[in-house]
Amino acid sequence: MRSPLFTLLLPVLLISGWEVAAHVIANPFVLPSLTTVVPILLHPFSPAYTLGSGSLIDNALTSLYRVAIGFLLAALVAIPLGIGMGRSRFMQDFLDSTIELLRPIPPLAWVPLALAWFKIGLASITFIILIGAFFPILLNTIDGVKSVKKTWVEVAETLGARERNVLLKVILPGSAPTIWTGLRVGFGIAWMCLVAAEWLPGTTRGLGYLILHAYNFGQTNLIIAGMVVIGVIGILIDQVFRAGERKWFSWRALER
Amino acid sequence: MTLEIRNLVKEFPVPGQEPIRALSGISLSLPPQEFVSVLGPSGCGKTTLLRIVAGLEEATTGSIELNGEVVDRRSSKMAMIFQEYSLYPWRTVLDNVTFGLEMQSVGKHPAREAAMKYLHLVGLDAFADRYPYELSGGMRQRVAVARALAIEPEILLMDEPFGALDAQTRNMLQKELLEIWEKTKKTVLFVTHSVDEAVYLSDRIVVLTERPGRIREIVDSPLPRPRDRTSPEFARIRRHVLDLISESGQPKEDLRVHPASL
């Protein structure tokens with residue numbers, strides 16, 4: 001492991017290069033100076049820096065709320081479905097072709113249909129996020145359930161476990177690390193879909209909306225500030241998932 | 001409790017062909033507290049036999065009886081110990097041992113007490129709060145034994161439980177198993193491919209033929225315990241069992257008898 005300073009070297013160089021380039025180009029619409037971006041980031045609670053569309057934090061919370069709903073709905077459907085498909089050959093054979101067909105369709109390709117079905121508003125946005133998070137969660141759950149060792153199930157059965165307990169005390173904990181990975185990847189994709197989903201007409205809040213709004217006003221510094229916030233939130237949530245992985249599922253890495 | 005295996009036949013269906021017969025008419029009676037090993041060439045169906053007794057597979061025909069009553073599903077009078085990877089890695093040693101008790105809705109406190117008692121019996125009470133990945137292979141199998149004993153079965157079914165261990169650990173666990181068996185007075189049905197192990201442990205050794213497995217001979221092993229693996233009597237019984245197996249068409253070296261334990 002090198003010193004933390006080394007890992008920060010490239011970001012520092014990039015930011016310095018950016019600042020130099022901003023002065024050379026001298027066109028804030030193409031590349032704004034750091035000095036116009038940093039103040040926005042330093043006042044995340046103030047609505048004064050966002051062209052009247054609420055503070056950075058307000059917009060971030062709105063976005064998080066939307067992602068949370070879409071993500072939770074995706075998990076609520078994908079995890080039980082994945083367990084069923086992992087456990088039952090019948091369900092797998094019945095559903096697999098449909099899922100394989102739908103899976104390669106990018107979440108954003110669903111936007112027109114989402115608008116046709118749900119009209120403009122939270123439901124459409126949630127639907128796009130749901131589609132984005134759904135497949136990683138589903139596929140990882142199926143994988144996780146299939147990776148549960150047959151012996152683990154048989155031990156439970158010989159010790160008197162009924163189907164319900166086999167599911168709750170063996171299949172679920174045994175596949176939990178892989179399901180967790182699916183949730184982490186699914187959340188990442190949901191977060192990416194969110195920005196585009198917030199470009200849907202009629203949206204008036206959210207980080208995705210904010211950067212498009214800033215573009216319409218030619219405020220590139222606000223676009224960049226919004227992008228930084230999107231990136232930082234993405235990293236933070238990914239770190240939360242990784243911390244959970246280390247805390248609860250370290251057995252998977254250590255198991256021989 | 002007497003375990004009676006009656007005329008057991010197991011066939012596996014093969015599409016478009018005659019079914020493969022794995023076991024052919026096995027009958028065997030285990031009186032209480034007897035230690036019986038099942039030995040045979042690989043593929044003779046000895047593990048299938050054990051799995052049928054445990055209720056993990058169904059017999060094609062024939063029956064399993066406990067004290068004269070037919071067992072048609074898994075019975076809590078029997079507990080099975082697998083070859084390896086049977087502990088739950090997300091549970092501590094203690095929580096692994098209480099698992100069977102949880103399944104039978106035993107309260108948390110009495111379950112922990114019972115589990116500690118059996119962990120003490122296998123010498124691992126100091127490791128109650130550890131996780132399986134912190135234990136050696138031999139210790140894990142001791143935990144598996146404790147977990148099986150914790151539901152207080154009368155019959156222990158063991159499927160090559162020491163097969164994945166090195167020779168020294170294996171010998172030590174064999175000795176410990178006999179001590180536990182003498183203390184707890186269980187009936188044991190023990191599947192192994194090691195002649196040495198069978199002769200060292202058992203009251204009787206059931207030698208199966210190649211597939212379809214039939215009982216070739218039941219060999220008595222009446223030597224007093226603890227047994228001396230180097231004694232002439234031990235060698236005589238082992239020679240007899242080896243002869244039975246090699247006559248069934250399997251070369252001896254395939255039996256994986258550890259040179260160190262001969």
# chains A, B, ... in the order shown; residues from 1 in each chain; ligands from 1

call {"tool": "interface_residues", "arguments": {"of": "chain A", "to": "chain B", "cutoff": "12 Å", "atoms": "only C-alpha atoms", "output": "PyMOL selection string"}}
result
chain A and resi 148-166+168-177+247-256

call {"tool": "residues_around", "arguments": {"residues": "region 181-192 of chain A", "least_positions_apart": "3", "cutoff": "9 Å", "atoms": "only C-alpha atoms", "output": "PyMOL selection string"}}
result
chain A and resi 63-64+67-68+70-71+74-75+128-141+176-178+195-196+230+234+237-238+241-242+245

call {"tool": "select_by_dssp", "arguments": {"residues": "region 86-140 of chain A", "states": "alpha helix (DSSP H)", "output": "ChimeraX atom specification"}}
result
/A:86-87,89-102,111-118,122-140

call {"tool": "closest_residue", "arguments": {"among": "B:Leu3, B:Ala146, B:Ile245, B:Ile237", "to": "Pro32 (chain B)", "atoms": "only C-alpha atoms"}}
result
B:Leu3

call {"tool": "residues_around", "arguments": {"residues": "Leu200 (chain A)", "least_positions_apart": "3", "cutoff": "9 Å", "atoms": "only C-alpha atoms", "output": "list of chain:residue names"}}
result
A:Val111, A:Leu115, A:Ile120, A:Gly121, A:Ser124, A:Ile125, A:Ala196, A:Ala197, A:Thr203, A:Tyr209

call {"tool": "write_last_selection", "arguments": {"atoms": "N, CA, C and O atoms", "output": "PDB file, in the first residue's frame"}}
result
ATOM      1  N   VAL A 111     -38.165   4.887 -21.164  1.00  0.00           N
ATOM      2  CA  VAL A 111     -38.721   6.207 -20.831  1.00  0.00           C
ATOM      3  C   VAL A 111     -40.036   6.503 -21.570  1.00  0.00           C
ATOM      4  O   VAL A 111     -41.034   6.851 -20.924  1.00  0.00           O
ATOM      5  N   LEU A 115     -43.633   7.075 -19.714  1.00  0.00           N
ATOM      6  CA  LEU A 115     -44.468   8.281 -19.828  1.00  0.00           C
ATOM      7  C   LEU A 115     -45.879   7.915 -20.284  1.00  0.00           C
ATOM      8  O   LEU A 115     -46.866   8.457 -19.794  1.00  0.00           O
ATOM      9  N   ILE A 120     -46.369  12.017 -16.522  1.00  0.00           N
ATOM     10  CA  ILE A 120     -45.227  12.724 -15.959  1.00  0.00           C
ATOM     11  C   ILE A 120     -45.315  12.708 -14.444  1.00  0.00           C
ATOM     12  O   ILE A 120     -46.394  12.872 -13.888  1.00  0.00           O
ATOM     13  N   GLY A 121     -44.169  12.484 -13.782  1.00  0.00           N
ATOM     14  CA  GLY A 121     -44.186  12.565 -12.323  1.00  0.00           C
ATOM     15  C   GLY A 121     -43.384  11.460 -11.660  1.00  0.00           C
ATOM     16  O   GLY A 121     -42.628  10.738 -12.316  1.00  0.00           O
ATOM     17  N   SER A 124     -43.271   7.712 -13.050  1.00  0.00           N
ATOM     18  CA  SER A 124     -42.414   7.441 -14.205  1.00  0.00           C
ATOM     19  C   SER A 124     -40.953   7.328 -13.789  1.00  0.00           C
ATOM     20  O   SER A 124     -40.237   6.406 -14.193  1.00  0.00           O
ATOM     21  N   ILE A 125     -40.524   8.277 -12.977  1.00  0.00           N
ATOM     22  CA  ILE A 125     -39.130   8.281 -12.526  1.00  0.00           C
ATOM     23  C   ILE A 125     -38.837   7.002 -11.750  1.00  0.00           C
ATOM     24  O   ILE A 125     -37.834   6.323 -11.972  1.00  0.00           O
ATOM     25  N   ALA A 196     -30.847  10.702 -15.551  1.00  0.00           N
ATOM     26  CA  ALA A 196     -31.564  10.796 -16.818  1.00  0.00           C
ATOM     27  C   ALA A 196     -33.074  10.833 -16.589  1.00  0.00           C
ATOM     28  O   ALA A 196     -33.805  11.561 -17.266  1.00  0.00           O
ATOM     29  N   ALA A 197     -33.526  10.069 -15.581  1.00  0.00           N
ATOM     30  CA  ALA A 197     -34.970  10.034 -15.324  1.00  0.00           C
ATOM     31  C   ALA A 197     -35.475  11.410 -14.886  1.00  0.00           C
ATOM     32  O   ALA A 197     -36.619  11.780 -15.149  1.00  0.00           O
ATOM     33  N   THR A 203     -40.327  17.593 -14.511  1.00  0.00           N
ATOM     34  CA  THR A 203     -39.582  17.466 -13.267  1.00  0.00           C
ATOM     35  C   THR A 203     -39.106  18.849 -12.828  1.00  0.00           C
ATOM     36  O   THR A 203     -38.657  19.641 -13.654  1.00  0.00           O
ATOM     37  N   TYR A 209     -32.327  17.109 -12.567  1.00  0.00           N
ATOM     38  CA  TYR A 209     -33.034  18.312 -13.034  1.00  0.00           C
ATOM     39  C   TYR A 209     -32.138  19.532 -12.906  1.00  0.00           C
ATOM     40  O   TYR A 209     -32.052  20.358 -13.809  1.00  0.00           O
TER      41      TYR A 209
END
